[in-house]
There are 2 protein chains.
Amino acid sequence: MSPSSLDELIEALRCLPGVGPKSAQRMAYHLLQRDQRGAERLSKALAHALAVLRHCARCNTFCEGEICDRCASPRRDSHLLCVVEMPVDLAMLEQTHAYNGLYFVLMGRLSPLDGIGPRELGLEKLVARATDGTVKEVILATNFTNEGEVTAHTIGELLRARGVKVSRIARGLPVGGELEHSDTGTIAQALLERRPAQDASR
Amino acid sequence: MSPSSLDELIEALRCLPGVGPKSAQRMAYHLLQRDQRGAERLSKALAHALAVLRHCARCNTFCEGEICDRCASPRRDSHLLCVVEMPVDLAMLEQTHAYNGLYFVLMGRLSPLDGIGPRELGLEKLVARATDGTVKEVILATNFTNEGEVTAHTIGELLRARGVKVSRIARGLPVGGELEHSDTGTIAQALLERRPAQDASR
């Protein structure tokens, strides 16, 4: 007997990660009863973000123009390209102030069990970026999880086959750890101690 | 360096209850990267709900017209009025199939420490509804928490002073328990065993 617009709102809230039926209901009542201004702001922020955000043509992260501010900056070292899984990882690396190169954001990781292979992840865009003539070294900074390691390994193989110098950030991070949840000191150390990526055929 | 529309979305997501900065960031990336359709649906559902939902003129719950379907139904017993805190509580009572009267949804509870007194809660709307001539008994079904008990006591005093018969659902629910998280059997029992509200002056 509850109105359809309320049911639809509760159902729509379930698209948020980690939100089940009870949480969605609680969120809907909270927004409608206690924070209509917040609800309106969220509705508009979602619509606006969907309308204006796209992927930077060079680093693939979210940006509002063709190329993001970082890629367009003349003060960054364009010879270095650091590959990360997600924008949060990029943000963590930036917080260390230990890196002044550019980035490539995969927006995910290889995950064969979920059907995400090199094509689904769009690795050809990374290969094109890494072989554009300006990049002298690609630093692989994917997570040290199984999927992150497989991703780093696959990218390393692809780029070495094209004559690109590839390194991996040091395993200063704990095994199984994720960039997002590490402290900046550990991440800075891992950046400094990066080593040449090993060739699996040796 | 992240685009302002992304920052704004992350900030806007924090209006959701229980969502901190990290969760908001995770939600934003998830929506933009993996579920743009869900994000669009959520944006529209929020805007639509804000536009069409209002409070039923009789029971105060969310509805899309002047009066909700339940209050307009000729098959409900209009002599009984059950007072609950939130729409979820109403939904739980309905699931018991043990009650065929009407409801009044407070959309909250008295909470003096948060500055929510009888006026802020809009108890005059309940008093007007309970004394409109058709209601013969008001059943107080607020939670058995401290705030719910204070709310029931205050409403009981107000209505008895106006000659309205008032009862309280039985304490079949555990002390400190909330309707939303109880099983339907316990709630049905509490409805059946309701008792006349005690006069505090005696």
# chains A, B, ... in the order shown; residues from 1 in each chain; ligands from 1
call {"tool": "residues_around", "arguments": {"residues": "range 76-80 of chain A", "least_positions_apart": "2", "cutoff": "7 Å", "atoms": "only C-alpha atoms", "output": "PyMOL selection string"}}
result
chain A and resi 73-74+82+100-102+134-138
call {"tool": "closest_atom_pairs", "arguments": {"of": "chain A", "to": "chain B", "cutoff": "6 Å", "atoms": "only C-alpha atoms", "output": "tab-separated table"}}
result
residue	atom	partner	partner_atom	distance
A:Pro3	CA	B:Cys63	CA	5.6
A:Ser5	CA	B:Ala49	CA	5.3
A:Leu9	CA	B:Ala45	CA	5.0
A:Ala12	CA	B:Leu42	CA	4.9
A:Cys15	CA	B:Gly38	CA	5.7
A:Gly38	CA	B:Cys15	CA	5.7
A:Leu42	CA	B:Ala12	CA	4.9
A:Ser43	CA	B:Ser43	CA	4.2
A:Ala45	CA	B:Leu9	CA	5.0
A:Leu46	CA	B:Ser43	CA	5.8
A:Ala49	CA	B:Ser5	CA	5.3
A:Cys63	CA	B:Pro3	CA	5.6
call {"tool": "write_last_selection", "arguments": {"atoms": "N, CA and C atoms", "output": "compact mmCIF listing (two decimals), in the first residue's frame"}}
result
# COMPACT_ATOMS: atom_id res chain seq x y z
N PRO A 3 3.15 4.27 -1.49
CA PRO A 3 3.09 4.90 -2.82
C PRO A 3 4.24 4.46 -3.72
N SER A 5 6.09 5.97 -5.87
CA SER A 5 7.30 6.79 -5.96
C SER A 5 8.24 6.52 -4.77
N LEU A 9 11.95 4.83 -5.11
CA LEU A 9 13.13 5.44 -4.49
C LEU A 9 13.91 4.42 -3.68
N ALA A 12 15.65 2.16 -6.04
CA ALA A 12 16.76 2.83 -6.73
C ALA A 12 17.97 2.99 -5.81
N CYS A 15 20.97 0.44 -5.72
CA CYS A 15 22.09 0.36 -6.67
C CYS A 15 23.39 0.78 -5.99
N GLY A 38 19.09 17.82 1.26
CA GLY A 38 20.17 16.90 0.90
C GLY A 38 19.76 15.99 -0.24
N LEU A 42 21.55 15.71 -3.80
CA LEU A 42 22.07 14.44 -4.32
C LEU A 42 21.52 14.16 -5.71
N SER A 43 20.22 14.39 -5.88
CA SER A 43 19.61 14.17 -7.20
C SER A 43 20.30 15.00 -8.27
N ALA A 45 23.34 16.45 -8.05
CA ALA A 45 24.76 16.11 -8.18
C ALA A 45 24.94 14.88 -9.07
N LEU A 46 24.04 13.90 -8.91
CA LEU A 46 24.09 12.70 -9.74
C LEU A 46 23.87 13.06 -11.20
N ALA A 49 26.87 15.10 -12.54
CA ALA A 49 28.08 14.28 -12.73
C ALA A 49 27.92 13.40 -13.97
N CYS A 63 37.18 13.25 -15.66
CA CYS A 63 37.43 14.69 -15.76
C CYS A 63 36.28 15.33 -16.53
call {"tool": "closest_residue", "arguments": {"among": "B:Cys59, B:Ala170, B:Val150, B:Val164", "to": "Leu126 in chain B", "atoms": "only C-alpha atoms"}}
result
B:Cys59
call {"tool": "closest_residue", "arguments": {"among": "A:Ile187, A:Val83, A:Val127, A:Cys71", "to": "Leu158 in chain A", "atoms": "only C-alpha atoms"}}
result
A:Val127
call {"tool": "atom_distance", "arguments": {"atom1": "CA of Gly177 in chain B", "atom2": "CA of Val19 in chain B"}}
result
24.4 Å
call {"tool": "decode", "arguments": {"residues": "range 124-169 of chain B", "atoms": "N, CA and C atoms", "output": "compact mmCIF listing (two decimals), in the first residue's frame"}}
result
# COMPACT_ATOMS: atom_id res chain seq x y z
N GLU B 124 -0.53 18.29 17.60
CA GLU B 124 -1.88 18.87 17.46
C GLU B 124 -2.64 18.24 16.28
N LYS B 125 -1.88 17.79 15.26
CA LYS B 125 -2.52 17.13 14.12
C LYS B 125 -3.13 15.79 14.56
N LEU B 126 -2.40 15.07 15.43
CA LEU B 126 -2.90 13.80 15.97
C LEU B 126 -4.12 14.04 16.86
N VAL B 127 -4.06 15.08 17.72
CA VAL B 127 -5.18 15.38 18.62
C VAL B 127 -6.44 15.69 17.79
N ALA B 128 -6.26 16.49 16.74
CA ALA B 128 -7.40 16.84 15.89
C ALA B 128 -7.98 15.60 15.24
N ARG B 129 -7.10 14.70 14.77
CA ARG B 129 -7.55 13.48 14.11
C ARG B 129 -8.28 12.56 15.10
N ALA B 130 -7.75 12.44 16.34
CA ALA B 130 -8.31 11.51 17.32
C ALA B 130 -9.63 12.01 17.90
N THR B 131 -9.89 13.32 17.76
CA THR B 131 -11.12 13.87 18.34
C THR B 131 -12.10 14.30 17.25
N ASP B 132 -11.98 13.67 16.06
CA ASP B 132 -12.84 14.10 14.95
C ASP B 132 -14.22 13.46 15.00
N GLY B 133 -14.49 12.63 16.04
CA GLY B 133 -15.82 12.09 16.20
C GLY B 133 -15.97 10.64 15.77
N THR B 134 -15.14 10.16 14.85
CA THR B 134 -15.27 8.77 14.40
C THR B 134 -14.40 7.82 15.22
N VAL B 135 -13.28 8.30 15.73
CA VAL B 135 -12.34 7.44 16.45
C VAL B 135 -12.88 7.12 17.84
N LYS B 136 -12.95 5.80 18.16
CA LYS B 136 -13.44 5.41 19.48
C LYS B 136 -12.33 4.95 20.41
N GLU B 137 -11.20 4.53 19.79
CA GLU B 137 -10.07 4.10 20.62
C GLU B 137 -8.77 4.40 19.90
N VAL B 138 -7.83 4.94 20.64
CA VAL B 138 -6.49 5.20 20.09
C VAL B 138 -5.53 4.18 20.70
N ILE B 139 -4.87 3.42 19.84
CA ILE B 139 -3.90 2.42 20.30
C ILE B 139 -2.50 2.99 20.13
N LEU B 140 -1.76 3.12 21.22
CA LEU B 140 -0.41 3.66 21.14
C LEU B 140 0.58 2.54 20.84
N ALA B 141 1.21 2.59 19.68
CA ALA B 141 2.15 1.54 19.27
C ALA B 141 3.52 2.13 18.97
N THR B 142 3.91 3.12 19.78
CA THR B 142 5.28 3.63 19.65
C THR B 142 6.24 2.57 20.21
N ASN B 143 7.51 2.70 19.90
CA ASN B 143 8.50 1.72 20.36
C ASN B 143 8.61 1.71 21.88
N PHE B 144 9.14 0.59 22.43
CA PHE B 144 9.34 0.50 23.87
C PHE B 144 10.73 0.97 24.27
N THR B 145 11.23 1.95 23.54
CA THR B 145 12.46 2.63 23.94
C THR B 145 12.08 3.75 24.89
N ASN B 146 13.07 4.40 25.51
CA ASN B 146 12.76 5.52 26.40
C ASN B 146 11.96 6.59 25.67
N GLU B 147 12.44 6.98 24.49
CA GLU B 147 11.77 8.05 23.75
C GLU B 147 10.37 7.64 23.31
N GLY B 148 10.22 6.37 22.91
CA GLY B 148 8.91 5.88 22.49
C GLY B 148 7.93 5.86 23.66
N GLU B 149 8.42 5.47 24.85
CA GLU B 149 7.57 5.44 26.05
C GLU B 149 7.13 6.86 26.44
N VAL B 150 8.08 7.80 26.39
CA VAL B 150 7.74 9.19 26.72
C VAL B 150 6.70 9.71 25.74
N THR B 151 6.89 9.37 24.47
CA THR B 151 5.94 9.80 23.44
C THR B 151 4.54 9.24 23.72
N ALA B 152 4.47 7.94 24.02
CA ALA B 152 3.18 7.30 24.31
C ALA B 152 2.53 7.93 25.53
N HIS B 153 3.34 8.17 26.57
CA HIS B 153 2.81 8.75 27.80
C HIS B 153 2.22 10.14 27.52
N THR B 154 2.97 10.97 26.79
CA THR B 154 2.52 12.34 26.51
C THR B 154 1.24 12.34 25.68
N ILE B 155 1.19 11.49 24.67
CA ILE B 155 -0.01 11.42 23.83
C ILE B 155 -1.19 10.93 24.66
N GLY B 156 -0.94 9.93 25.52
CA GLY B 156 -2.00 9.40 26.38
C GLY B 156 -2.61 10.49 27.24
N GLU B 157 -1.75 11.31 27.86
CA GLU B 157 -2.23 12.42 28.70
C GLU B 157 -3.08 13.39 27.89
N LEU B 158 -2.56 13.78 26.72
CA LEU B 158 -3.26 14.74 25.86
C LEU B 158 -4.65 14.25 25.48
N LEU B 159 -4.74 12.96 25.10
CA LEU B 159 -6.00 12.44 24.57
C LEU B 159 -7.00 12.14 25.69
N ARG B 160 -6.49 11.61 26.81
CA ARG B 160 -7.42 11.32 27.91
C ARG B 160 -8.05 12.60 28.42
N ALA B 161 -7.27 13.71 28.42
CA ALA B 161 -7.79 15.01 28.85
C ALA B 161 -8.95 15.44 27.96
N ARG B 162 -9.01 14.92 26.75
CA ARG B 162 -10.10 15.27 25.82
C ARG B 162 -11.14 14.16 25.74
N GLY B 163 -11.08 13.21 26.70
CA GLY B 163 -12.11 12.17 26.78
C GLY B 163 -11.97 11.05 25.77
N VAL B 164 -10.77 10.87 25.20
CA VAL B 164 -10.57 9.80 24.23
C VAL B 164 -10.06 8.55 24.94
N LYS B 165 -10.62 7.40 24.58
CA LYS B 165 -10.14 6.14 25.15
C LYS B 165 -8.79 5.79 24.53
N VAL B 166 -7.81 5.52 25.40
CA VAL B 166 -6.45 5.28 24.92
C VAL B 166 -5.94 3.95 25.44
N SER B 167 -5.32 3.14 24.57
CA SER B 167 -4.68 1.91 25.02
C SER B 167 -3.25 1.85 24.51
N ARG B 168 -2.47 0.95 25.12
CA ARG B 168 -1.06 0.80 24.75
C ARG B 168 -0.86 -0.66 24.34
N ILE B 169 -0.18 -0.92 23.25
CA ILE B 169 0.08 -2.32 22.89
C ILE B 169 0.85 -2.97 24.02
